[in-house]
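Pasting target_21.txt here (compact mmCIF, C-alpha atoms):
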```txt
# COMPACT_ATOMS: atom_id res chain seq x y z
CA MET A 1 28.39 43.12 4.98
CA LYS A 2 24.71 43.94 4.55
CA LYS A 3 24.36 41.11 2.02
CA SER A 4 25.90 38.67 4.49
CA ILE A 5 23.52 39.77 7.22
CA LEU A 6 20.51 39.45 4.90
CA LEU A 7 21.66 36.01 3.74
CA SER A 8 22.20 34.84 7.33
CA LEU A 9 18.82 36.21 8.37
CA SER A 10 17.13 34.47 5.42
CA ILE A 11 18.77 31.14 6.27
CA PHE A 12 17.79 31.56 9.93
CA LEU A 13 14.15 32.29 9.11
CA LEU A 14 14.03 29.36 6.68
CA SER A 15 15.48 27.09 9.37
CA ILE A 16 12.78 28.21 11.81
CA GLY A 17 10.14 27.47 9.19
CA VAL A 18 11.55 23.99 8.54
CA SER A 19 11.80 23.27 12.28
CA LYS A 20 8.19 24.32 12.88
CA ALA A 21 7.02 22.20 9.95
CA GLN A 22 8.69 19.15 11.49
CA VAL A 23 7.98 19.78 15.20
CA ILE A 24 4.42 21.14 15.36
CA PRO A 25 1.85 18.28 15.53
CA SER A 26 -0.40 18.05 12.48
CA PHE A 27 -3.38 16.07 11.20
CA SER A 28 -4.30 15.50 7.55
CA PHE A 29 -7.07 13.58 5.81
CA GLY A 30 -7.55 12.70 2.15
CA LEU A 31 -8.56 10.28 -0.58
CA LYS A 32 -6.38 7.94 -2.65
CA GLY A 33 -6.56 5.67 -5.67
CA GLY A 34 -4.12 3.61 -7.67
CA LEU A 35 -3.05 0.40 -9.34
CA ASN A 36 -1.46 -2.72 -7.93
CA TYR A 37 0.34 -5.72 -9.33
CA SER A 38 -0.44 -8.94 -7.43
CA THR A 39 1.94 -11.87 -7.33
CA PHE A 40 1.08 -15.33 -6.07
CA PRO A 41 4.39 -17.27 -6.17
CA SER A 42 3.78 -20.87 -7.22
CA ASN A 43 5.55 -24.19 -7.20
CA GLY A 44 5.09 -27.67 -8.60
CA ILE A 45 2.80 -27.90 -11.65
CA PHE A 46 1.26 -24.45 -11.14
CA ASN A 47 2.24 -21.42 -13.20
CA ASN A 48 0.70 -18.14 -12.12
CA ASP A 49 0.17 -15.16 -14.44
CA ASN A 50 0.15 -11.98 -12.41
CA LYS A 51 -2.24 -9.17 -13.34
CA ALA A 52 -2.96 -5.57 -12.46
CA GLY A 53 -5.63 -4.65 -9.92
CA TYR A 54 -6.83 -1.48 -8.23
CA GLN A 55 -7.20 0.27 -4.89
CA ALA A 56 -9.38 3.18 -3.77
CA GLY A 57 -10.08 4.66 -0.36
CA ALA A 58 -9.08 7.18 2.30
CA TRP A 59 -6.10 7.97 4.51
CA ALA A 60 -5.29 10.00 7.59
CA ARG A 61 -1.90 11.22 8.78
CA ILE A 62 -0.87 12.34 12.25
CA GLY A 63 2.60 13.87 12.46
CA GLY A 64 4.99 15.54 14.85
CA LEU A 65 8.75 15.82 15.45
CA GLY A 66 9.34 14.53 11.93
CA PHE A 67 7.48 11.23 12.55
CA ILE A 68 4.11 10.15 11.16
CA PHE A 69 1.38 7.62 11.88
CA GLN A 70 -0.75 6.95 8.80
CA PRO A 71 -3.80 4.67 9.08
CA GLU A 72 -5.67 3.93 5.84
CA LEU A 73 -8.85 2.22 4.69
CA TYR A 74 -9.33 1.19 1.08
CA VAL A 75 -10.87 -1.40 -1.23
CA THR A 76 -8.37 -3.50 -3.19
CA GLY A 77 -8.84 -5.74 -6.21
CA LYS A 78 -6.28 -8.54 -6.58
CA ASN A 79 -6.23 -10.56 -9.81
CA VAL A 80 -4.27 -13.62 -10.87
CA THR A 81 -4.48 -16.51 -13.36
CA VAL A 82 -3.40 -19.95 -12.18
CA ASN A 83 -2.41 -22.40 -14.96
CA THR A 84 -2.11 -26.17 -14.72
CA ASN A 85 -1.68 -28.93 -17.29
CA ASP A 86 -5.44 -29.53 -17.07
CA GLY A 87 -6.82 -26.01 -17.33
CA THR A 88 -6.82 -22.42 -16.13
CA ALA A 89 -8.40 -20.73 -13.12
CA LYS A 90 -8.88 -16.96 -13.18
CA ALA A 91 -9.09 -15.58 -9.66
CA ASN A 92 -10.31 -12.09 -8.72
CA PHE A 93 -10.39 -11.15 -5.06
CA THR A 94 -11.81 -7.97 -3.53
CA SER A 95 -10.78 -7.00 -0.02
CA VAL A 96 -10.99 -4.15 2.45
CA ASP A 97 -7.43 -3.33 3.55
CA VAL A 98 -6.36 -1.47 6.68
CA PRO A 99 -2.66 -0.48 6.72
CA LEU A 100 -1.30 0.99 9.98
CA LEU A 101 1.91 2.71 8.95
CA LEU A 102 4.67 4.36 10.98
CA GLY A 103 7.36 6.45 9.38
CA ALA A 104 9.33 9.64 9.03
CA LYS A 105 8.75 12.78 7.02
CA VAL A 106 11.29 15.28 5.71
CA GLY A 107 10.82 18.57 3.91
CA ALA A 108 8.88 21.79 4.28
CA LEU A 109 7.02 24.51 2.37
CA GLY A 110 4.65 22.09 0.64
CA LEU A 111 7.34 19.72 -0.67
CA GLY A 112 8.50 16.63 1.18
CA GLY A 113 9.22 12.95 1.25
CA ARG A 114 8.04 10.09 3.46
CA PHE A 115 9.37 6.65 4.36
CA TYR A 116 7.17 4.21 6.25
CA GLY A 117 6.23 0.64 7.05
CA GLY A 118 3.78 -1.36 9.11
CA PRO A 119 1.18 -4.13 9.27
CA VAL A 120 -1.82 -4.51 6.97
CA LEU A 121 -5.07 -6.26 7.88
CA SER A 122 -6.97 -7.48 4.82
CA PHE A 123 -10.60 -8.65 4.97
CA THR A 124 -11.93 -10.48 1.91
CA VAL A 125 -15.37 -9.36 0.74
CA ASN A 126 -15.55 -11.17 -2.62
CA ARG A 127 -14.01 -14.25 -4.23
CA ASP A 128 -14.55 -14.85 -7.93
CA GLN A 129 -12.78 -17.79 -9.58
CA SER A 130 -13.71 -18.95 -13.06
CA LEU A 131 -12.44 -22.36 -14.18
CA SER A 132 -11.79 -23.25 -17.81
CA SER A 133 -12.40 -26.94 -17.14
CA ALA A 134 -13.55 -29.25 -14.37
CA ALA A 135 -9.99 -30.50 -14.01
CA ALA A 136 -8.81 -26.96 -13.27
CA GLN A 137 -10.46 -27.27 -9.84
CA ALA A 138 -6.99 -28.33 -8.76
CA ALA A 139 -5.83 -24.74 -9.30
CA THR A 140 -8.40 -23.11 -7.00
CA LEU A 141 -6.92 -20.69 -4.48
CA LYS A 142 -8.37 -21.06 -0.99
CA TYR A 143 -8.20 -17.37 -0.16
CA LYS A 144 -8.94 -16.69 3.52
CA ASP A 145 -11.45 -14.28 5.04
CA ALA A 146 -8.69 -12.45 6.93
CA ASN A 147 -5.13 -12.05 5.67
CA TYR A 148 -2.12 -10.29 7.13
CA ALA A 149 0.82 -8.55 5.51
CA ILE A 150 3.61 -6.03 5.97
CA GLN A 151 3.92 -2.90 3.83
CA VAL A 152 7.02 -0.80 3.21
CA GLY A 153 7.18 2.20 0.93
CA ALA A 154 8.03 5.77 0.18
CA GLY A 155 6.06 8.79 -0.91
CA VAL A 156 6.49 12.28 -2.27
CA ASP A 157 4.25 15.21 -1.22
CA ILE A 158 3.77 18.18 -3.54
CA SER A 159 1.38 20.61 -1.88
CA SER A 160 -1.93 18.67 -1.52
CA LEU A 161 -0.90 15.90 -3.94
CA SER A 162 0.98 12.73 -2.91
CA ILE A 163 2.46 9.84 -4.87
CA ASP A 164 3.19 6.55 -3.06
CA LEU A 165 5.10 3.46 -4.16
CA ARG A 166 4.80 0.37 -1.93
CA TYR A 167 5.64 -3.28 -1.57
CA GLU A 168 3.34 -5.56 0.42
CA GLY A 169 4.46 -9.01 1.54
CA GLY A 170 1.91 -11.53 2.79
CA LEU A 171 2.50 -13.12 6.20
CA ASN A 172 -0.04 -15.94 6.23
CA LYS A 173 0.00 -18.85 3.80
CA ILE A 174 -2.84 -19.46 1.34
CA ALA A 175 -3.54 -23.04 0.27
CA TYR A 176 -4.22 -23.92 -3.36
CA GLY A 177 -4.65 -27.07 -5.41
CA ASN A 178 -5.54 -30.57 -4.31
CA ASP A 179 -2.03 -31.30 -3.03
CA ASN A 180 -2.18 -28.60 -0.33
CA SER A 181 0.44 -26.39 -1.91
CA HIS A 182 0.81 -22.98 -0.27
CA THR A 183 1.59 -19.47 -1.44
CA ARG A 184 1.78 -15.95 -0.02
CA VAL A 185 0.34 -12.85 -1.63
CA SER A 186 2.81 -10.17 -2.66
CA LEU A 187 1.76 -6.81 -4.02
CA PHE A 188 3.38 -3.79 -5.63
CA SER A 189 1.26 -0.65 -5.72
CA LEU A 190 1.46 2.87 -7.10
CA ALA A 191 -1.13 5.32 -5.79
CA VAL A 192 -1.99 9.00 -6.05
CA ALA A 193 -3.51 10.71 -3.02
CA TYR A 194 -5.13 14.10 -2.52
CA LYS A 195 -5.24 15.93 0.82
CA LEU A 196 -8.73 17.27 1.50
CA PHE A 197 -7.80 19.19 4.64
CA SER A 198 -5.16 19.45 7.34
CA LEU A 199 -5.00 20.89 10.87
```

Show me the file's structure as structure tokens.
Amino acid sequence: MKKSILLSLSIFLLSIGVSKAQVIPSFSFGLKGGLNYSTFPSNGIFNNDNKAGYQAGAWARIGGLGFIFQPELYVTGKNVTVNTNDGTAKANFTSVDVPLLLGAKVGALGLGGRFYGGPVLSFTVNRDQSLSSAAAQAATLKYKDANYAIQVGAGVDISSLSIDLRYEGGLNKIAYGNDNSHTRVSLFSLAVAYKLFSL
């Protein structure tokens, strides 16, 4: 009898703790860094080799009632090689990305999971394309100053450490080549984040 009462009391107190963790509004801020894998789907005579890039920046998270809003600001490097019959163009783009993510959070006591999605604004700050021949000019990507995308992903929180896996799909078309072919940027990323403080 006493064991049953103690077990029931323990479950009740744990439930209160979980409820408070999900209901009470919270604010967190931290830093993040990771790797990405850029894809520029091609057609026609173009054959794109996709390469790894990087991302580094900061994030904030506002939560309550099990839901979260997570704005971020980070620098991203996107790399790709475009091949044609006439030559190769290596393209490296650096951008400042601003995801605005909405999602849900489950878990308590320093361990939890997140699912989220939302728009991403991407502002190009550097374009570097090296051409192996004059004829490879046909492979040049006309990367825009401002690009737009949608991100979806999931994350795991272990105390102050987080691991995120995401897919980013480009919304606007990017022209390349002399025949006005178009492509959209797609991106897979794996990042590690560290929470500096929370309120």

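Here atom CA of Gly110 of chain A is placed at a distance of 18.9 Å from atom CA of Ala191 of chain A.
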
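Going from atom CA of Ile62 of chain A to atom CA of Ser28 of chain A covers 6.6 Å.
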
**Request:** Within 7 Å of Ile68 of chain A, counting all atoms listed in the file, which residues show up once you throw out same-chain ones fewer than 5 positions away? Write them as a ChimeraX atom specification, please.
**Result:** /A:61-63,102-105

Would you mind exporting C-alpha atoms of the selected residues as a tab-separated table (two decimals), in the frame of the given file?
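File out_21.tsv, as written:
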```tsv
chain	number	residue	atom	x	y	z
A	61	ARG	CA	-1.90	11.22	8.78
A	62	ILE	CA	-0.87	12.34	12.25
A	63	GLY	CA	2.60	13.87	12.46
A	102	LEU	CA	4.67	4.36	10.98
A	103	GLY	CA	7.36	6.45	9.38
A	104	ALA	CA	9.33	9.64	9.03
A	105	LYS	CA	8.75	12.78	7.02
```

**Asked** Excluding same-chain residues fewer than 3 positions from segment 158-167 of chain A, what lies within 12 Å of it counting all atoms listed in the file, as a PyMOL selection string?
**Response** chain A and resi 28-39+59+99+101+107-120+149-155+170+185-198

Those same residues - C-alpha atoms - I'd like them written as a PDB file, in the frame of the given file.
```
ATOM      1  CA  SER A  28      -4.300  15.500   7.550  1.00  0.00           C
ATOM      2  CA  PHE A  29      -7.070  13.580   5.810  1.00  0.00           C
ATOM      3  CA  GLY A  30      -7.550  12.700   2.150  1.00  0.00           C
ATOM      4  CA  LEU A  31      -8.560  10.280  -0.580  1.00  0.00           C
ATOM      5  CA  LYS A  32      -6.380   7.940  -2.650  1.00  0.00           C
ATOM      6  CA  GLY A  33      -6.560   5.670  -5.670  1.00  0.00           C
ATOM      7  CA  GLY A  34      -4.120   3.610  -7.670  1.00  0.00           C
ATOM      8  CA  LEU A  35      -3.050   0.400  -9.340  1.00  0.00           C
ATOM      9  CA  ASN A  36      -1.460  -2.720  -7.930  1.00  0.00           C
ATOM     10  CA  TYR A  37       0.340  -5.720  -9.330  1.00  0.00           C
ATOM     11  CA  SER A  38      -0.440  -8.940  -7.430  1.00  0.00           C
ATOM     12  CA  THR A  39       1.940 -11.870  -7.330  1.00  0.00           C
ATOM     13  CA  TRP A  59      -6.100   7.970   4.510  1.00  0.00           C
ATOM     14  CA  PRO A  99      -2.660  -0.480   6.720  1.00  0.00           C
ATOM     15  CA  LEU A 101       1.910   2.710   8.950  1.00  0.00           C
ATOM     16  CA  GLY A 107      10.820  18.570   3.910  1.00  0.00           C
ATOM     17  CA  ALA A 108       8.880  21.790   4.280  1.00  0.00           C
ATOM     18  CA  LEU A 109       7.020  24.510   2.370  1.00  0.00           C
ATOM     19  CA  GLY A 110       4.650  22.090   0.640  1.00  0.00           C
ATOM     20  CA  LEU A 111       7.340  19.720  -0.670  1.00  0.00           C
ATOM     21  CA  GLY A 112       8.500  16.630   1.180  1.00  0.00           C
ATOM     22  CA  GLY A 113       9.220  12.950   1.250  1.00  0.00           C
ATOM     23  CA  ARG A 114       8.040  10.090   3.460  1.00  0.00           C
ATOM     24  CA  PHE A 115       9.370   6.650   4.360  1.00  0.00           C
ATOM     25  CA  TYR A 116       7.170   4.210   6.250  1.00  0.00           C
ATOM     26  CA  GLY A 117       6.230   0.640   7.050  1.00  0.00           C
ATOM     27  CA  GLY A 118       3.780  -1.360   9.110  1.00  0.00           C
ATOM     28  CA  PRO A 119       1.180  -4.130   9.270  1.00  0.00           C
ATOM     29  CA  VAL A 120      -1.820  -4.510   6.970  1.00  0.00           C
ATOM     30  CA  ALA A 149       0.820  -8.550   5.510  1.00  0.00           C
ATOM     31  CA  ILE A 150       3.610  -6.030   5.970  1.00  0.00           C
ATOM     32  CA  GLN A 151       3.920  -2.900   3.830  1.00  0.00           C
ATOM     33  CA  VAL A 152       7.020  -0.800   3.210  1.00  0.00           C
ATOM     34  CA  GLY A 153       7.180   2.200   0.930  1.00  0.00           C
ATOM     35  CA  ALA A 154       8.030   5.770   0.180  1.00  0.00           C
ATOM     36  CA  GLY A 155       6.060   8.790  -0.910  1.00  0.00           C
ATOM     37  CA  GLY A 170       1.910 -11.530   2.790  1.00  0.00           C
ATOM     38  CA  VAL A 185       0.340 -12.850  -1.630  1.00  0.00           C
ATOM     39  CA  SER A 186       2.810 -10.170  -2.660  1.00  0.00           C
ATOM     40  CA  LEU A 187       1.760  -6.810  -4.020  1.00  0.00           C
ATOM     41  CA  PHE A 188       3.380  -3.790  -5.630  1.00  0.00           C
ATOM     42  CA  SER A 189       1.260  -0.650  -5.720  1.00  0.00           C
ATOM     43  CA  LEU A 190       1.460   2.870  -7.100  1.00  0.00           C
ATOM     44  CA  ALA A 191      -1.130   5.320  -5.790  1.00  0.00           C
ATOM     45  CA  VAL A 192      -1.990   9.000  -6.050  1.00  0.00           C
ATOM     46  CA  ALA A 193      -3.510  10.710  -3.020  1.00  0.00           C
ATOM     47  CA  TYR A 194      -5.130  14.100  -2.520  1.00  0.00           C
ATOM     48  CA  LYS A 195      -5.240  15.930   0.820  1.00  0.00           C
ATOM     49  CA  LEU A 196      -8.730  17.270   1.500  1.00  0.00           C
ATOM     50  CA  PHE A 197      -7.800  19.190   4.640  1.00  0.00           C
ATOM     51  CA  SER A 198      -5.160  19.450   7.340  1.00  0.00           C
TER      52      SER A 198
END
```

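Here atom CA of Gly66 of chain A stands at a distance of 14.1 Å from atom CA of Asp157 of chain A.
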
Protein and nucleic acid residues near (-11.8, -3.8, 0.4) (cut-off 7 Å, all atoms listed in the file) as a PDB file with C-alpha atoms, in the frame of the given file:
```pdb
ATOM      1  CA  TYR A  74      -9.330   1.190   1.080  1.00  0.00           C
ATOM      2  CA  VAL A  75     -10.870  -1.400  -1.230  1.00  0.00           C
ATOM      3  CA  THR A  76      -8.370  -3.500  -3.190  1.00  0.00           C
ATOM      4  CA  THR A  94     -11.810  -7.970  -3.530  1.00  0.00           C
ATOM      5  CA  SER A  95     -10.780  -7.000  -0.020  1.00  0.00           C
ATOM      6  CA  VAL A  96     -10.990  -4.150   2.450  1.00  0.00           C
ATOM      7  CA  ASP A  97      -7.430  -3.330   3.550  1.00  0.00           C
ATOM      8  CA  PHE A 123     -10.600  -8.650   4.970  1.00  0.00           C
ATOM      9  CA  THR A 124     -11.930 -10.480   1.910  1.00  0.00           C
ATOM     10  CA  VAL A 125     -15.370  -9.360   0.740  1.00  0.00           C
TER      11      VAL A 125
END
```

Applying 7 Å and all atoms listed in the file, which residues near Asn147 of chain A remain after dropping the ones on its own chain fewer than 4 positions away? List them as a PyMOL selection string. chain A and resi 121-123+172

Closest of A:Phe40, A:Phe69, A:Phe27, A:Tyr54 to Leu141 of chain A, counting only C-alpha atoms, is A:Phe40

If you count all atoms listed in the file, the residue of A:Gly64, A:Pro71, A:Gly53, A:Gly169 closest to Asn92 of chain A turns out to be A:Gly53

Would you mind completing segment 29-40 of chain A so that it carries all heavy atoms, and writing it out as a compact mmCIF listing (two decimals), in the frame of the given file?
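Final file, result19.txt:
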```txt
# COMPACT_ATOMS: atom_id res chain seq x y z
N PHE A 29 -6.13 14.61 6.27
CA PHE A 29 -7.07 13.58 5.81
C PHE A 29 -7.26 13.75 4.30
O PHE A 29 -7.31 14.87 3.78
CB PHE A 29 -8.42 13.72 6.52
CG PHE A 29 -9.46 12.75 6.02
CD1 PHE A 29 -9.50 11.45 6.49
CD2 PHE A 29 -10.38 13.15 5.06
CE1 PHE A 29 -10.44 10.56 6.02
CE2 PHE A 29 -11.34 12.26 4.59
CZ PHE A 29 -11.36 10.96 5.07
N GLY A 30 -7.36 12.61 3.59
CA GLY A 30 -7.55 12.70 2.15
C GLY A 30 -8.03 11.41 1.52
O GLY A 30 -8.31 10.43 2.20
N LEU A 31 -8.12 11.43 0.21
CA LEU A 31 -8.56 10.28 -0.58
C LEU A 31 -7.40 9.79 -1.44
O LEU A 31 -6.46 10.54 -1.74
CB LEU A 31 -9.73 10.68 -1.49
CG LEU A 31 -10.96 11.21 -0.78
CD1 LEU A 31 -12.01 11.65 -1.81
CD2 LEU A 31 -11.55 10.19 0.17
N LYS A 32 -7.45 8.51 -1.83
CA LYS A 32 -6.38 7.94 -2.65
C LYS A 32 -6.93 6.93 -3.63
O LYS A 32 -8.01 6.35 -3.42
CB LYS A 32 -5.29 7.31 -1.79
CG LYS A 32 -5.76 6.08 -1.00
CD LYS A 32 -4.63 5.42 -0.24
CE LYS A 32 -3.62 4.81 -1.17
NZ LYS A 32 -2.56 4.06 -0.47
N GLY A 33 -6.19 6.70 -4.69
CA GLY A 33 -6.56 5.67 -5.67
C GLY A 33 -5.32 5.28 -6.45
O GLY A 33 -4.39 6.08 -6.60
N GLY A 34 -5.30 4.05 -6.93
CA GLY A 34 -4.12 3.61 -7.67
C GLY A 34 -4.25 2.22 -8.24
O GLY A 34 -5.32 1.61 -8.22
N LEU A 35 -3.13 1.73 -8.73
CA LEU A 35 -3.05 0.40 -9.34
C LEU A 35 -2.11 -0.48 -8.53
O LEU A 35 -1.18 0.02 -7.89
CB LEU A 35 -2.54 0.50 -10.78
CG LEU A 35 -3.39 1.32 -11.75
CD1 LEU A 35 -2.68 1.44 -13.10
CD2 LEU A 35 -4.77 0.67 -11.93
N ASN A 36 -2.38 -1.78 -8.56
CA ASN A 36 -1.46 -2.72 -7.93
C ASN A 36 -1.13 -3.86 -8.88
O ASN A 36 -1.80 -4.07 -9.90
CB ASN A 36 -2.03 -3.25 -6.61
CG ASN A 36 -3.31 -4.06 -6.81
OD1 ASN A 36 -3.37 -4.97 -7.63
ND2 ASN A 36 -4.35 -3.73 -6.07
N TYR A 37 -0.10 -4.57 -8.55
CA TYR A 37 0.34 -5.72 -9.33
C TYR A 37 0.51 -6.88 -8.36
O TYR A 37 1.43 -6.90 -7.55
CB TYR A 37 1.66 -5.40 -10.04
CG TYR A 37 2.14 -6.48 -10.97
CD1 TYR A 37 1.53 -6.70 -12.19
CD2 TYR A 37 3.23 -7.27 -10.62
CE1 TYR A 37 1.99 -7.69 -13.05
CE2 TYR A 37 3.69 -8.26 -11.47
CZ TYR A 37 3.07 -8.46 -12.68
OH TYR A 37 3.53 -9.44 -13.53
N SER A 38 -0.44 -7.83 -8.38
CA SER A 38 -0.44 -8.94 -7.43
C SER A 38 0.43 -10.08 -7.92
O SER A 38 0.43 -10.41 -9.11
CB SER A 38 -1.87 -9.46 -7.22
OG SER A 38 -2.73 -8.44 -6.84
N THR A 39 1.16 -10.67 -7.00
CA THR A 39 1.94 -11.87 -7.33
C THR A 39 1.60 -12.97 -6.34
O THR A 39 1.53 -12.75 -5.14
CB THR A 39 3.45 -11.58 -7.28
OG1 THR A 39 3.83 -11.21 -5.96
CG2 THR A 39 3.82 -10.47 -8.24
N PHE A 40 1.34 -14.15 -6.87
CA PHE A 40 1.08 -15.33 -6.07
C PHE A 40 2.16 -16.36 -6.44
O PHE A 40 1.94 -17.15 -7.37
CB PHE A 40 -0.30 -15.92 -6.37
CG PHE A 40 -1.45 -15.05 -5.93
CD1 PHE A 40 -1.82 -13.94 -6.66
CD2 PHE A 40 -2.17 -15.35 -4.79
CE1 PHE A 40 -2.88 -13.15 -6.27
CE2 PHE A 40 -3.23 -14.56 -4.39
CZ PHE A 40 -3.59 -13.46 -5.13
```
